[in-house]
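Structure data follow from work_8.cif (mmCIF, C-alpha atoms):
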data_model
loop_
_atom_site.label_atom_id
_atom_site.label_comp_id
_atom_site.auth_asym_id
_atom_site.auth_seq_id
_atom_site.Cartn_x
_atom_site.Cartn_y
_atom_site.Cartn_z
CA MET A 12 19.77 -72.07 15.78
CA THR A 13 22.81 -73.35 13.85
CA ALA A 14 25.27 -71.49 16.10
CA VAL A 15 23.50 -72.78 19.19
CA LEU A 16 23.61 -76.37 17.93
CA SER A 17 27.31 -76.02 17.21
CA ARG A 18 28.04 -74.97 20.79
CA MET A 19 25.67 -77.55 22.27
CA ASN A 20 27.44 -80.27 20.29
CA ASP A 21 30.65 -79.38 22.13
CA MET A 22 29.67 -81.78 24.86
CA PRO A 23 31.80 -84.36 26.68
CA ASP A 24 31.85 -87.98 25.55
CA THR A 25 28.96 -90.01 26.97
CA SER A 26 30.80 -93.34 26.94
CA ASP A 27 31.81 -92.84 30.58
CA VAL A 28 28.47 -91.72 31.95
CA THR A 29 29.77 -90.72 35.39
CA ALA A 30 32.49 -88.55 33.92
CA TYR A 31 29.96 -87.13 31.45
CA VAL A 32 27.50 -86.10 34.15
CA ASN A 33 30.26 -84.70 36.35
CA GLU A 34 31.44 -82.54 33.46
CA LEU A 35 27.89 -81.26 32.93
CA GLY A 36 27.81 -80.48 36.64
CA ARG A 37 31.13 -78.64 36.51
CA ARG A 38 29.97 -76.53 33.58
CA ALA A 39 26.64 -75.84 35.28
CA ALA A 40 28.37 -74.73 38.49
CA THR A 41 30.53 -72.29 36.54
CA ALA A 42 27.54 -70.96 34.61
CA SER A 43 25.46 -70.61 37.78
CA ARG A 44 27.86 -67.99 39.12
CA SER A 45 27.22 -65.78 36.10
CA LEU A 46 23.49 -66.40 36.21
CA ALA A 47 23.22 -65.64 39.93
CA SER A 48 24.25 -62.03 39.30
CA ALA A 49 22.42 -61.58 35.99
CA SER A 50 19.97 -58.70 35.83
CA THR A 51 16.24 -59.27 35.70
CA GLU A 52 16.20 -57.69 32.24
CA ARG A 53 18.68 -60.22 30.83
CA LYS A 54 16.85 -63.18 32.32
CA ASN A 55 13.54 -61.92 30.96
CA LYS A 56 15.09 -61.38 27.53
CA ALA A 57 16.28 -64.98 27.56
CA LEU A 58 12.81 -66.23 28.47
CA THR A 59 10.94 -64.24 25.82
CA ALA A 60 13.48 -65.18 23.16
CA ALA A 61 13.17 -68.84 24.12
CA ALA A 62 9.38 -68.59 23.92
CA GLN A 63 9.64 -67.18 20.42
CA ALA A 64 12.13 -69.89 19.44
CA LEU A 65 9.59 -72.50 20.53
CA ARG A 66 6.95 -70.90 18.34
CA ASP A 67 9.34 -70.57 15.41
CA ASN A 68 10.41 -74.22 15.75
CA ARG A 69 6.94 -75.61 16.42
CA ALA A 70 7.04 -77.84 13.34
CA ARG A 71 10.44 -79.31 14.33
CA LEU A 72 9.22 -79.94 17.86
CA LEU A 73 6.03 -81.65 16.71
CA GLU A 74 8.01 -83.81 14.28
CA ALA A 75 10.41 -84.85 17.05
CA ASN A 76 7.51 -85.51 19.39
CA ALA A 77 5.78 -87.68 16.79
CA LYS A 78 8.87 -89.92 16.76
CA ASP A 79 8.71 -90.21 20.54
CA VAL A 80 4.99 -91.01 20.48
CA ASP A 81 5.40 -93.64 17.76
CA SER A 82 8.07 -95.35 19.85
CA VAL A 83 5.97 -95.56 23.01
CA LYS A 84 2.92 -96.72 21.06
CA ALA A 85 5.02 -99.49 19.53
CA ALA A 86 6.16 -100.39 23.04
CA GLY A 87 2.52 -100.81 24.11
CA LYS A 88 2.45 -98.03 26.69
CA PRO A 89 -1.02 -97.21 28.18
CA ALA A 90 -3.14 -94.35 26.86
CA ALA A 91 -2.58 -92.16 29.93
CA PHE A 92 1.19 -92.44 29.49
CA ILE A 93 0.91 -91.49 25.82
CA ASP A 94 -1.31 -88.52 26.67
CA ARG A 95 1.36 -87.12 28.97
CA LEU A 96 3.90 -87.38 26.16
CA ILE A 97 1.90 -86.02 23.24
CA LEU A 98 2.43 -82.46 22.06
CA ASP A 99 0.12 -80.67 19.67
CA GLU A 100 0.02 -77.09 18.46
CA GLY A 101 -2.03 -75.98 21.44
CA ARG A 102 0.31 -77.58 23.96
CA VAL A 103 3.39 -76.10 22.29
CA ASN A 104 1.77 -72.67 22.38
CA ALA A 105 0.98 -73.21 26.06
CA ILE A 106 4.64 -74.06 26.78
CA ALA A 107 5.77 -70.87 25.04
CA ASP A 108 3.10 -68.82 26.79
CA ALA A 109 4.27 -70.14 30.16
CA LEU A 110 7.78 -68.85 29.44
CA ASP A 111 6.37 -65.44 28.57
CA GLN A 112 4.34 -65.45 31.77
CA ILE A 113 7.38 -66.34 33.89
CA ALA A 114 9.15 -63.37 32.35
CA THR A 115 6.42 -61.07 33.69
CA LEU A 116 6.71 -62.36 37.27
CA PRO A 117 8.77 -60.56 39.92
CA ASP A 118 12.39 -61.64 40.13
CA PRO A 119 12.73 -63.70 43.34
CA VAL A 120 16.48 -63.11 43.62
CA GLY A 121 17.60 -60.28 45.87
CA ARG A 122 14.31 -59.91 47.72
CA VAL A 123 14.83 -58.61 51.24
CA LEU A 124 12.90 -61.15 53.30
CA HIS A 125 13.50 -59.60 56.71
CA THR A 126 15.46 -56.72 58.22
CA THR A 127 16.59 -56.38 61.84
CA GLU A 128 18.16 -53.30 63.45
CA ARG A 129 20.30 -54.44 66.39
CA PRO A 130 20.89 -52.29 69.51
CA ASN A 131 24.60 -52.11 68.64
CA GLY A 132 23.83 -50.46 65.32
CA LEU A 133 24.22 -53.50 63.06
CA THR A 134 21.67 -53.89 60.28
CA ILE A 135 20.95 -57.53 59.40
CA GLU A 136 19.04 -58.42 56.23
CA ARG A 137 17.87 -61.85 55.11
CA VAL A 138 18.03 -61.84 51.32
CA ALA A 139 16.79 -64.39 48.75
CA THR A 140 19.54 -66.10 46.74
CA PRO A 141 19.62 -68.85 44.09
CA LEU A 142 20.18 -72.43 45.18
CA GLY A 143 22.94 -72.98 42.59
CA VAL A 144 22.74 -76.08 40.36
CA ILE A 145 19.52 -78.08 40.19
CA GLY A 146 19.21 -81.58 38.74
CA MET A 147 15.73 -82.18 37.35
CA ILE A 148 14.76 -85.82 36.73
CA TYR A 149 11.41 -86.39 35.07
CA GLU A 150 9.61 -88.92 32.97
CA SER A 151 7.31 -88.57 29.99
CA ARG A 152 6.09 -84.95 29.93
CA PRO A 153 8.25 -82.87 27.55
CA ASN A 154 6.82 -79.58 28.90
CA VAL A 155 8.48 -80.27 32.26
CA GLY A 156 11.85 -79.60 30.68
CA ALA A 157 10.72 -76.20 29.41
CA ASP A 158 9.04 -75.26 32.69
CA ALA A 159 12.03 -76.37 34.77
CA GLY A 160 14.50 -74.61 32.51
CA ALA A 161 12.52 -71.37 32.58
CA LEU A 162 11.88 -71.39 36.33
CA CYS A 163 15.50 -72.16 37.12
CA LEU A 164 16.66 -69.43 34.76
CA LYS A 165 14.43 -66.76 36.30
CA SER A 166 15.41 -67.82 39.84
CA GLY A 167 19.11 -67.65 38.97
CA ASN A 168 19.80 -71.40 39.03
CA ALA A 169 21.60 -73.50 36.45
CA VAL A 170 19.76 -76.73 35.67
CA ILE A 171 20.67 -80.17 34.35
CA LEU A 172 17.64 -81.86 32.78
CA ARG A 173 17.31 -85.61 32.74
CA GLY A 174 14.09 -86.37 30.90
CA GLY A 175 12.76 -89.83 30.25
CA SER A 176 14.16 -91.77 27.30
CA GLU A 177 10.67 -91.82 25.81
CA SER A 178 10.75 -88.03 25.33
CA LEU A 179 14.39 -87.68 24.26
CA ASN A 180 13.72 -86.27 20.79
CA SER A 181 11.23 -83.72 22.11
CA THR A 182 13.55 -82.67 24.93
CA ARG A 183 16.42 -82.03 22.52
CA VAL A 184 14.41 -79.50 20.53
CA ILE A 185 13.07 -77.83 23.67
CA VAL A 186 16.58 -77.43 25.09
CA GLU A 187 17.79 -76.02 21.76
CA CYS A 188 15.04 -73.39 21.95
CA LEU A 189 15.95 -72.54 25.54
CA ALA A 190 19.57 -72.20 24.40
CA GLU A 191 18.45 -69.72 21.74
CA GLY A 192 17.04 -67.60 24.55
CA LEU A 193 20.26 -67.81 26.55
CA LYS A 194 22.27 -66.81 23.48
CA ALA A 195 20.01 -63.82 22.82
CA ALA A 196 20.60 -62.58 26.39
CA ASP A 197 24.33 -63.30 26.27
CA LEU A 198 24.07 -65.84 29.09
CA PRO A 199 26.09 -69.10 29.20
CA LEU A 200 24.44 -71.94 27.33
CA GLU A 201 25.53 -74.17 30.20
CA CYS A 202 22.83 -72.55 32.37
CA ILE A 203 20.41 -75.10 30.86
CA GLN A 204 21.81 -78.50 29.87
CA MET A 205 20.33 -81.93 29.26
CA ILE A 206 21.75 -85.37 29.88
CA ASP A 207 21.67 -86.58 26.30
CA THR A 208 21.91 -90.31 26.81
CA THR A 209 19.42 -93.06 27.54
CA ASP A 210 21.91 -94.81 29.82
CA ARG A 211 20.03 -95.38 33.09
CA ASN A 212 23.25 -95.03 35.03
CA ALA A 213 23.07 -91.31 34.26
CA VAL A 214 20.41 -90.92 36.95
CA GLN A 215 22.67 -92.53 39.54
CA ALA A 216 25.54 -90.31 38.40
CA LEU A 217 23.41 -87.19 38.85
CA LEU A 218 22.22 -88.30 42.28
CA THR A 219 25.81 -88.67 43.47
CA CYS A 220 27.23 -85.55 41.81
CA ALA A 221 27.55 -83.84 45.18
CA GLU A 222 30.53 -81.71 44.19
CA TYR A 223 28.49 -79.68 41.71
CA VAL A 224 24.75 -80.31 42.18
CA ASP A 225 22.96 -78.50 45.02
CA LEU A 226 19.47 -80.02 44.73
CA VAL A 227 17.78 -82.85 42.81
CA ILE A 228 14.06 -82.75 42.06
CA PRO A 229 12.39 -85.93 40.74
CA ARG A 230 9.06 -85.74 38.98
CA GLY A 231 7.54 -89.06 38.11
CA GLY A 232 6.15 -92.28 39.50
CA LYS A 233 6.82 -94.10 42.74
CA GLY A 234 9.72 -96.03 41.28
CA LEU A 235 11.63 -92.90 40.29
CA VAL A 236 10.93 -91.07 43.54
CA SER A 237 11.95 -94.11 45.61
CA LEU A 238 15.18 -94.40 43.65
CA VAL A 239 16.01 -90.74 44.27
CA ARG A 240 15.09 -90.94 47.95
CA ASP A 241 17.17 -94.05 48.55
CA GLN A 242 20.27 -93.31 46.47
CA ALA A 243 20.76 -89.53 46.41
CA ARG A 244 23.87 -88.06 48.01
CA VAL A 245 22.67 -84.54 47.29
CA PRO A 246 19.63 -82.84 48.85
CA THR A 247 16.29 -83.71 47.24
CA LEU A 248 12.88 -82.09 46.91
CA LEU A 249 10.47 -84.99 46.52
CA HIS A 250 7.36 -84.99 44.38
CA LEU A 251 5.46 -88.11 45.43
CA ASP A 252 2.53 -89.67 43.62
CA GLY A 253 -0.82 -87.91 43.51
CA ASN A 254 -3.36 -90.12 45.25
CA CYS A 255 -5.79 -87.21 45.53
CA HIS A 256 -9.23 -87.34 47.18
CA THR A 257 -12.46 -85.43 46.80
CA TYR A 258 -14.79 -85.67 49.80
CA VAL A 259 -18.46 -84.90 49.11
CA ASN A 260 -19.98 -83.93 52.44
CA ALA A 261 -23.66 -84.28 53.35
CA ALA A 262 -24.03 -80.49 53.14
CA ALA A 263 -22.77 -80.35 49.55
CA ASP A 264 -24.65 -78.88 46.61
CA LEU A 265 -24.92 -82.16 44.70
CA THR A 266 -25.08 -80.61 41.24
CA LYS A 267 -21.97 -78.59 42.00
CA ALA A 268 -20.32 -81.68 43.48
CA ALA A 269 -20.98 -83.82 40.41
CA ALA A 270 -19.43 -81.18 38.14
CA ILE A 271 -16.39 -80.86 40.40
CA VAL A 272 -15.86 -84.63 40.58
CA LYS A 273 -16.15 -84.97 36.79
CA ASN A 274 -13.53 -82.29 36.22
CA ALA A 275 -11.27 -83.48 39.03
CA LYS A 276 -11.17 -87.00 37.59
CA LEU A 277 -11.54 -86.62 33.83
CA ARG A 278 -10.16 -83.24 32.70
CA ARG A 279 -6.78 -84.95 32.32
CA THR A 280 -6.49 -88.34 33.97
CA GLY A 281 -2.71 -88.51 33.60
CA VAL A 282 -1.81 -85.49 35.76
CA CYS A 283 -0.80 -85.78 39.39
CA GLY A 284 -3.63 -83.50 40.54
CA ALA A 285 -6.35 -85.79 39.20
CA THR A 286 -8.74 -87.14 41.85
CA GLU A 287 -8.23 -90.87 42.27
CA SER A 288 -10.59 -91.54 45.17
CA LEU A 289 -14.08 -90.21 45.84
CA VAL A 290 -15.25 -90.13 49.46
CA VAL A 291 -19.00 -89.65 49.98
CA ASP A 292 -21.14 -89.25 53.08
CA ARG A 293 -23.41 -92.26 53.40
CA SER A 294 -26.45 -90.09 54.10
CA ILE A 295 -26.40 -88.63 50.57
CA ALA A 296 -24.89 -91.57 48.70
CA LYS A 297 -28.19 -92.84 47.24
CA ASP A 298 -28.84 -89.45 45.68
CA PHE A 299 -25.28 -88.53 44.74
CA LEU A 300 -23.63 -91.71 43.47
CA PRO A 301 -25.97 -92.13 40.44
CA MET A 302 -25.44 -88.44 39.60
CA ALA A 303 -21.68 -88.85 39.88
CA LEU A 304 -21.57 -91.98 37.73
CA ASP A 305 -23.74 -90.32 35.09
CA ALA A 306 -21.30 -87.40 35.01
CA LEU A 307 -18.26 -89.72 34.89
CA GLY A 308 -19.56 -91.58 31.85
CA GLU A 309 -17.25 -94.42 30.82
CA CYS A 310 -14.96 -93.98 33.83
CA GLU A 311 -14.63 -97.25 35.76
CA VAL A 312 -15.71 -96.79 39.38
CA ARG A 313 -14.69 -99.28 42.06
CA GLY A 314 -16.20 -99.49 45.53
CA GLU A 315 -17.06 -101.68 48.49
CA ALA A 316 -20.33 -103.59 48.83
CA ASP A 317 -22.29 -100.68 50.33
CA ALA A 318 -21.54 -98.50 47.30
CA ARG A 319 -22.26 -101.31 44.83
CA GLU A 320 -25.69 -101.84 46.39
CA ILE A 321 -26.58 -98.27 45.47
CA ASP A 322 -25.40 -98.38 41.86
CA ALA A 323 -24.74 -101.61 39.96
CA ARG A 324 -22.27 -99.83 37.66
CA ILE A 325 -19.73 -99.79 40.51
CA LYS A 326 -17.25 -102.68 40.36
CA PRO A 327 -15.66 -104.39 43.39
CA ALA A 328 -12.71 -102.62 44.98
CA THR A 329 -9.81 -104.12 46.86
CA ASP A 330 -7.99 -102.49 49.77
CA GLU A 331 -5.15 -101.63 47.38
CA ASP A 332 -7.50 -99.54 45.22
CA PHE A 333 -7.74 -96.89 47.92
CA TYR A 334 -3.96 -96.45 47.90
CA THR A 335 -3.64 -96.35 44.10
CA GLU A 336 -2.78 -93.45 41.81
CA TYR A 337 -4.47 -94.74 38.65
CA LEU A 338 -3.58 -91.96 36.19
CA ASP A 339 -6.37 -93.48 34.12
CA THR A 340 -10.16 -93.48 33.79
CA ILE A 341 -10.56 -95.43 37.03
CA LEU A 342 -11.86 -94.06 40.33
CA SER A 343 -12.34 -95.65 43.75
CA VAL A 344 -15.29 -94.64 45.94
CA LYS A 345 -15.58 -94.91 49.72
CA LEU A 346 -18.74 -94.28 51.79
CA VAL A 347 -18.28 -92.72 55.23
CA ASP A 348 -20.37 -91.49 58.13
CA GLY A 349 -19.45 -87.82 58.09
CA PRO A 350 -16.17 -85.93 58.58
CA ASP A 351 -15.23 -87.92 61.69
CA GLU A 352 -14.69 -90.90 59.40
CA ALA A 353 -13.78 -89.08 56.18
CA ILE A 354 -10.83 -87.13 57.55
CA PRO A 355 -9.02 -90.14 59.11
CA PHE A 356 -9.68 -92.21 55.97
CA ILE A 357 -8.19 -89.55 53.69
CA SER A 358 -5.29 -88.94 56.06
CA GLU A 359 -4.40 -92.64 55.96
CA HIS A 360 -4.72 -93.17 52.21
CA SER A 361 -3.69 -89.82 50.73
CA SER A 362 -0.19 -89.27 49.34
CA ALA A 363 -0.35 -85.75 50.85
CA HIS A 364 -0.51 -84.12 47.42
CA THR A 365 -3.97 -82.54 47.05
CA ASP A 366 -7.30 -83.27 48.75
CA ALA A 367 -10.61 -81.43 48.46
CA VAL A 368 -13.93 -81.14 50.28
CA VAL A 369 -17.23 -80.21 48.65
CA THR A 370 -19.67 -78.74 51.16
CA GLU A 371 -21.80 -75.67 51.81
CA ASP A 372 -21.13 -75.95 55.56
CA ALA A 373 -18.38 -73.41 56.31
CA ALA A 374 -17.48 -75.02 59.63
CA ILE A 375 -16.92 -78.44 58.04
CA ALA A 376 -14.90 -76.83 55.26
CA GLU A 377 -12.62 -75.10 57.76
CA ARG A 378 -12.21 -78.29 59.74
CA PHE A 379 -11.19 -80.19 56.60
CA LEU A 380 -8.77 -77.45 55.50
CA ASN A 381 -7.17 -77.40 58.94
CA GLU A 382 -7.01 -81.12 59.70
CA ILE A 383 -5.98 -82.62 56.36
CA ASP A 384 -2.19 -82.28 56.27
CA SER A 385 -1.64 -82.36 52.52
CA ALA A 386 0.46 -79.93 50.50
CA VAL A 387 -2.72 -78.49 48.95
CA VAL A 388 -6.21 -78.61 50.48
CA MET A 389 -9.26 -77.26 48.68
CA HIS A 390 -12.87 -76.33 49.30
CA ASN A 391 -15.48 -76.52 46.53
CA ALA A 392 -12.91 -76.73 43.74
CA SER A 393 -11.46 -79.37 41.41
CA THR A 394 -8.19 -80.93 42.56
CA GLN A 395 -6.86 -80.27 39.05
CA PHE A 396 -6.33 -76.63 40.09
CA SER A 397 -3.29 -77.92 42.03
CA ASP A 398 -0.86 -76.46 39.54
CA GLY A 399 1.75 -73.72 39.61
CA GLY A 400 0.25 -71.95 36.61
CA GLU A 401 -3.18 -71.89 38.23
CA PHE A 402 -1.60 -70.56 41.43
CA GLY A 403 -0.16 -67.60 39.53
CA MET A 404 3.40 -68.94 39.53
CA GLY A 405 3.65 -69.01 35.74
CA ALA A 406 4.58 -72.69 35.83
CA GLU A 407 5.84 -75.23 38.32
CA ILE A 408 8.81 -77.52 38.58
CA GLY A 409 6.69 -80.01 40.55
CA ILE A 410 4.43 -80.42 43.57
CA ALA A 411 6.51 -80.93 46.71
CA THR A 412 4.75 -83.31 49.07
CA GLY A 413 7.32 -83.22 51.87
CA LYS A 414 7.46 -80.66 54.67
CA MET A 415 10.92 -79.16 54.30
CA HIS A 416 11.95 -76.01 52.38
CA ALA A 417 9.07 -76.00 49.88
CA ARG A 418 5.61 -77.53 49.81
CA GLY A 419 2.92 -77.63 47.15
CA PRO A 420 3.60 -76.15 43.70
CA VAL A 421 7.27 -75.26 43.42
CA GLY A 422 7.71 -72.01 41.54
CA LEU A 423 10.22 -69.18 41.55
CA GLU A 424 10.23 -68.33 45.24
CA GLN A 425 10.60 -71.97 46.24
CA LEU A 426 13.73 -72.25 44.07
CA THR A 427 15.61 -69.75 46.20
CA SER A 428 17.41 -69.97 49.51
CA PHE A 429 18.72 -66.98 51.44
CA LYS A 430 21.79 -65.44 52.98
CA TYR A 431 22.30 -62.76 55.62
CA ARG A 432 23.79 -59.37 54.79
CA VAL A 433 25.17 -57.55 57.81
CA ARG A 434 26.08 -53.86 57.67
CA GLY A 435 28.04 -52.14 60.39
CA ASN A 436 30.08 -49.07 61.15
CA GLY A 437 33.12 -50.43 62.93
CA GLN A 438 31.37 -52.54 65.58
CA THR A 439 33.45 -55.10 67.45
CA ARG A 440 32.04 -57.84 69.64
CA PRO A 441 32.80 -57.54 73.35
#
Please go through the file and, once you have read it, give me the structure as structure tokens.
Amino acid sequence: MTAVLSRMNDMPDTSDVTAYVNELGRRAATASRSLASASTERKNKALTAAAQALRDNRARLLEANAKDVDSVKAAGKPAAFIDRLILDEGRVNAIADALDQIATLPDPVGRVLHTTERPNGLTIERVATPLGVIGMIYESRPNVGADAGALCLKSGNAVILRGGSESLNSTRVIVECLAEGLKAADLPLECIQMIDTTDRNAVQALLTCAEYVDLVIPRGGKGLVSLVRDQARVPTLLHLDGNCHTYVNAAADLTKAAAIVKNAKLRRTGVCGATESLVVDRSIAKDFLPMALDALGECEVRGEADAREIDARIKPATDEDFYTEYLDTILSVKLVDGPDEAIPFISEHSSAHTDAVVTEDAAIAERFLNEIDSAVVMHNASTQFSDGGEFGMGAEIGIATGKMHARGPVGLEQLTSFKYRVRGNGQTRP
């Protein structure tokens, strides 16, 4: 680790943040050319070595994380924010395990996506290639840095990490461990770099570093995503907020539905796949709402007058509640008259992240899955399964909620583009 720290300390001066970020970009662009042609074996060696470095440096990482957590607690941040930041032994092990799992996945680079044999004898192949240099901007979750670094490495992309200032100490140790992996595989340390300054102008500098950065991915709240969308001069892959819905249809198994709603809301309230709004058919509301509130325990539930008449534990909701990503133990509830009302309501209020239906009616399930135009749609499952690891991707760099290039969990395949390889035997065009 000492040798890695020595090389990582050979970084440009941060006093001129634009020049600093541009230099990181230049180094990343140079490193990306080596990484793009690196063998699968070398990339996997880097990942497994980085995973072991995380395990070996668990105590250092937890100590650094404790400093970050103490700072945000002193700043009065809410419990859900702190939960996203906290690392414990189990979470560190999970980060390391994710790196090992990514190493076992097929290499996305070099895949032949399509082959065409032309009448003139030309063979045309569409082949997966790395994107180049990715800027990853994220907020409080330290594991995002590890996931992004590992996914970019395996997909042949250099990455510049810009984590939130609240997780700076944790991110430093994580990047050092990733650098240990790069060193073990004899890959440039500049394949994975971090912007090691709390200067907020660094985000703007990254967003305008068009000479070196090929794609920026933001992962955070509305404010961050809006900033990236409005100010970026490089292409972006947006991860919008997760105002996720679970619709309990009249044909639902109510016991199953209550268990799904409890998990979808409370497993981890601070993740983007948490259900924020419960939509219930009016015909079953008198039976289901008390069951749901019993399952939700201390979770605050807000609803309109018709829902409050059924269960006095429900507090008044405003129109804004149905558009809100709480990331907390708060849930809005809306009563509807069947799928004809539920689907338009969800379509209007959803952030197009993840929405689910609970029903035993296969026809209604298919209608929901087809008509709700969110990145992930589910039937009889918790919205918290909306995760790259759960989808078999090893990890994710985010959930893309737009409709271009990638959508849903962004894993290895989504971090590649393609080029055409044309093979001939002397053909000339008439």
*Quick one: apply the PyMOL selection byres ((chain A and resi 312) around 12) to the file and drop the selected residues here as a ChimeraX atom specification.*
/A:276,287-289,300-301,303-311,313-315,318-319,322-328,332-333,337,339-345
Since I can't run it myself right now, could you work out what the PyMOL selection byres ((chain A and resi 171-184) around 7) selects here and report it as a JSON list (two decimals) with C-alpha atoms, in the coordinates of the input?
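Output saved as selection-v6.json:
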[["chain", "number", "residue", "atom", "x", "y", "z"],
["A", 72, "LEU", "CA", 9.22, -79.94, 17.86],
["A", 75, "ALA", "CA", 10.41, -84.85, 17.05],
["A", 76, "ASN", "CA", 7.51, -85.51, 19.39],
["A", 79, "ASP", "CA", 8.71, -90.21, 20.54],
["A", 83, "VAL", "CA", 5.97, -95.56, 23.01],
["A", 96, "LEU", "CA", 3.90, -87.38, 26.16],
["A", 145, "ILE", "CA", 19.52, -78.08, 40.19],
["A", 146, "GLY", "CA", 19.21, -81.58, 38.74],
["A", 147, "MET", "CA", 15.73, -82.18, 37.35],
["A", 148, "ILE", "CA", 14.76, -85.82, 36.73],
["A", 149, "TYR", "CA", 11.41, -86.39, 35.07],
["A", 150, "GLU", "CA", 9.61, -88.92, 32.97],
["A", 151, "SER", "CA", 7.31, -88.57, 29.99],
["A", 153, "PRO", "CA", 8.25, -82.87, 27.55],
["A", 156, "GLY", "CA", 11.85, -79.60, 30.68],
["A", 170, "VAL", "CA", 19.76, -76.73, 35.67],
["A", 185, "ILE", "CA", 13.07, -77.83, 23.67],
["A", 186, "VAL", "CA", 16.58, -77.43, 25.09],
["A", 187, "GLU", "CA", 17.79, -76.02, 21.76],
["A", 188, "CYS", "CA", 15.04, -73.39, 21.95],
["A", 203, "ILE", "CA", 20.41, -75.10, 30.86],
["A", 204, "GLN", "CA", 21.81, -78.50, 29.87],
["A", 205, "MET", "CA", 20.33, -81.93, 29.26],
["A", 206, "ILE", "CA", 21.75, -85.37, 29.88],
["A", 209, "THR", "CA", 19.42, -93.06, 27.54]]
_Selection result of the PyMOL selection byres ((chain A and resi 244-254) around 8) on this file, as a ChimeraX atom specification_ = /A:218-221,224-233,236,239-240,242-243,255-256,283-288,334-336,360-365,409-413,417
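If only C-alpha atoms are the atoms counted, then among A:Arg69, A:Arg378, A:Arg279, A:His390 the closest residue to Val259 of chain A is A:His390.
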*Best match for closeness to Gly400 of chain A among A:Leu423, A:Val144, A:Leu98, A:Ala196, counting all atoms listed in the file*: A:Leu423
Test item: residues at most 12 Å from Ser48 of chain A, all atoms listed in the file, excluding those fewer than 2 positions along its chain, as a compact mmCIF listing (two decimals) with C-alpha atoms, in the frame of the given file:
# COMPACT_ATOMS: atom_id res chain seq x y z
CA ALA A 42 27.54 -70.96 34.61
CA SER A 43 25.46 -70.61 37.78
CA ARG A 44 27.86 -67.99 39.12
CA SER A 45 27.22 -65.78 36.10
CA LEU A 46 23.49 -66.40 36.21
CA SER A 50 19.97 -58.70 35.83
CA THR A 51 16.24 -59.27 35.70
CA GLU A 52 16.20 -57.69 32.24
CA ARG A 53 18.68 -60.22 30.83
CA LYS A 54 16.85 -63.18 32.32
CA ASP A 118 12.39 -61.64 40.13
CA VAL A 120 16.48 -63.11 43.62
CA GLY A 121 17.60 -60.28 45.87
CA THR A 140 19.54 -66.10 46.74
CA PRO A 141 19.62 -68.85 44.09
CA GLY A 143 22.94 -72.98 42.59
CA LEU A 164 16.66 -69.43 34.76
CA LYS A 165 14.43 -66.76 36.30
CA SER A 166 15.41 -67.82 39.84
CA GLY A 167 19.11 -67.65 38.97
CA ASN A 168 19.80 -71.40 39.03
CA LEU A 198 24.07 -65.84 29.09
*asked:* So the first atom is atom CA of Ile321 of chain A and the second is atom CA of Thr257 of chain A; what is the distance between them in Å, to one decimal place?
replied: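 Here the two named atoms are 19.1 Å from each other.
You can rank A:Thr266, A:Thr127, A:Asn436, A:Thr427 by their closest distance to Leu142 of chain A using only C-alpha atoms, and at the top of that list sits A:Thr427.
Here atom CA of Thr59 of chain A is placed at a distance of 22.7 Å from atom CA of Pro420 of chain A.
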*Between atom CA of Ala109 of chain A and atom CA of Ala60 of chain A, what is the distance, to one decimal in Å?*
12.6 Å
Do you know which residues lie at most 10 Å from (-11.3, -82.4, 50.4), with coordinates as in the file and all atoms listed in the file counted, and could you write them as a short mmCIF file (atom, residue, chain, number, x, y, z; two decimals) with C-alpha atoms, in the coordinates of the input?
data_model
loop_
_atom_site.label_atom_id
_atom_site.label_comp_id
_atom_site.auth_asym_id
_atom_site.auth_seq_id
_atom_site.Cartn_x
_atom_site.Cartn_y
_atom_site.Cartn_z
CA CYS A 255 -5.79 -87.21 45.53
CA HIS A 256 -9.23 -87.34 47.18
CA THR A 257 -12.46 -85.43 46.80
CA TYR A 258 -14.79 -85.67 49.80
CA VAL A 259 -18.46 -84.90 49.11
CA ASN A 260 -19.98 -83.93 52.44
CA LEU A 289 -14.08 -90.21 45.84
CA VAL A 290 -15.25 -90.13 49.46
CA ALA A 353 -13.78 -89.08 56.18
CA ILE A 354 -10.83 -87.13 57.55
CA ILE A 357 -8.19 -89.55 53.69
CA THR A 365 -3.97 -82.54 47.05
CA ASP A 366 -7.30 -83.27 48.75
CA ALA A 367 -10.61 -81.43 48.46
CA VAL A 368 -13.93 -81.14 50.28
CA VAL A 369 -17.23 -80.21 48.65
CA THR A 370 -19.67 -78.74 51.16
CA ALA A 376 -14.90 -76.83 55.26
CA PHE A 379 -11.19 -80.19 56.60
CA LEU A 380 -8.77 -77.45 55.50
CA ILE A 383 -5.98 -82.62 56.36
CA SER A 385 -1.64 -82.36 52.52
CA VAL A 387 -2.72 -78.49 48.95
CA VAL A 388 -6.21 -78.61 50.48
CA MET A 389 -9.26 -77.26 48.68
CA HIS A 390 -12.87 -76.33 49.30
CA ASN A 391 -15.48 -76.52 46.53
CA ALA A 392 -12.91 -76.73 43.74
CA SER A 393 -11.46 -79.37 41.41
CA THR A 394 -8.19 -80.93 42.56
#
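Residues in contact range of Arg38 of chain A, defined as at most 9 Å between only C-alpha atoms, with sequence neighbours fewer than 3 positions away removed, read Asn33, Glu34, Leu35, Thr41, Ala42, Ser43, Glu201, Cys202 and Tyr223 of chain A.
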*Skipping near chain neighbours, those fewer than 4 positions away, what residues fall within 7 Å of Leu58 of chain A using all atoms listed in the file, listed as number ranges by chain?*
A: 54, 62, 110-111, 114, 161, 192
Polymer residues at most 6 Å from Leu346 of chain A, only C-alpha atoms, same-chain spacing of 2 or more positions, as a PDB file with C-alpha atoms, in the frame of the given file:
ATOM      1  CA  VAL A 290     -15.250 -90.130  49.460  1.00  0.00           C
ATOM      2  CA  VAL A 291     -19.000 -89.650  49.980  1.00  0.00           C
ATOM      3  CA  ASP A 292     -21.140 -89.250  53.080  1.00  0.00           C
ATOM      4  CA  ARG A 293     -23.410 -92.260  53.400  1.00  0.00           C
TER       5      ARG A 293
END
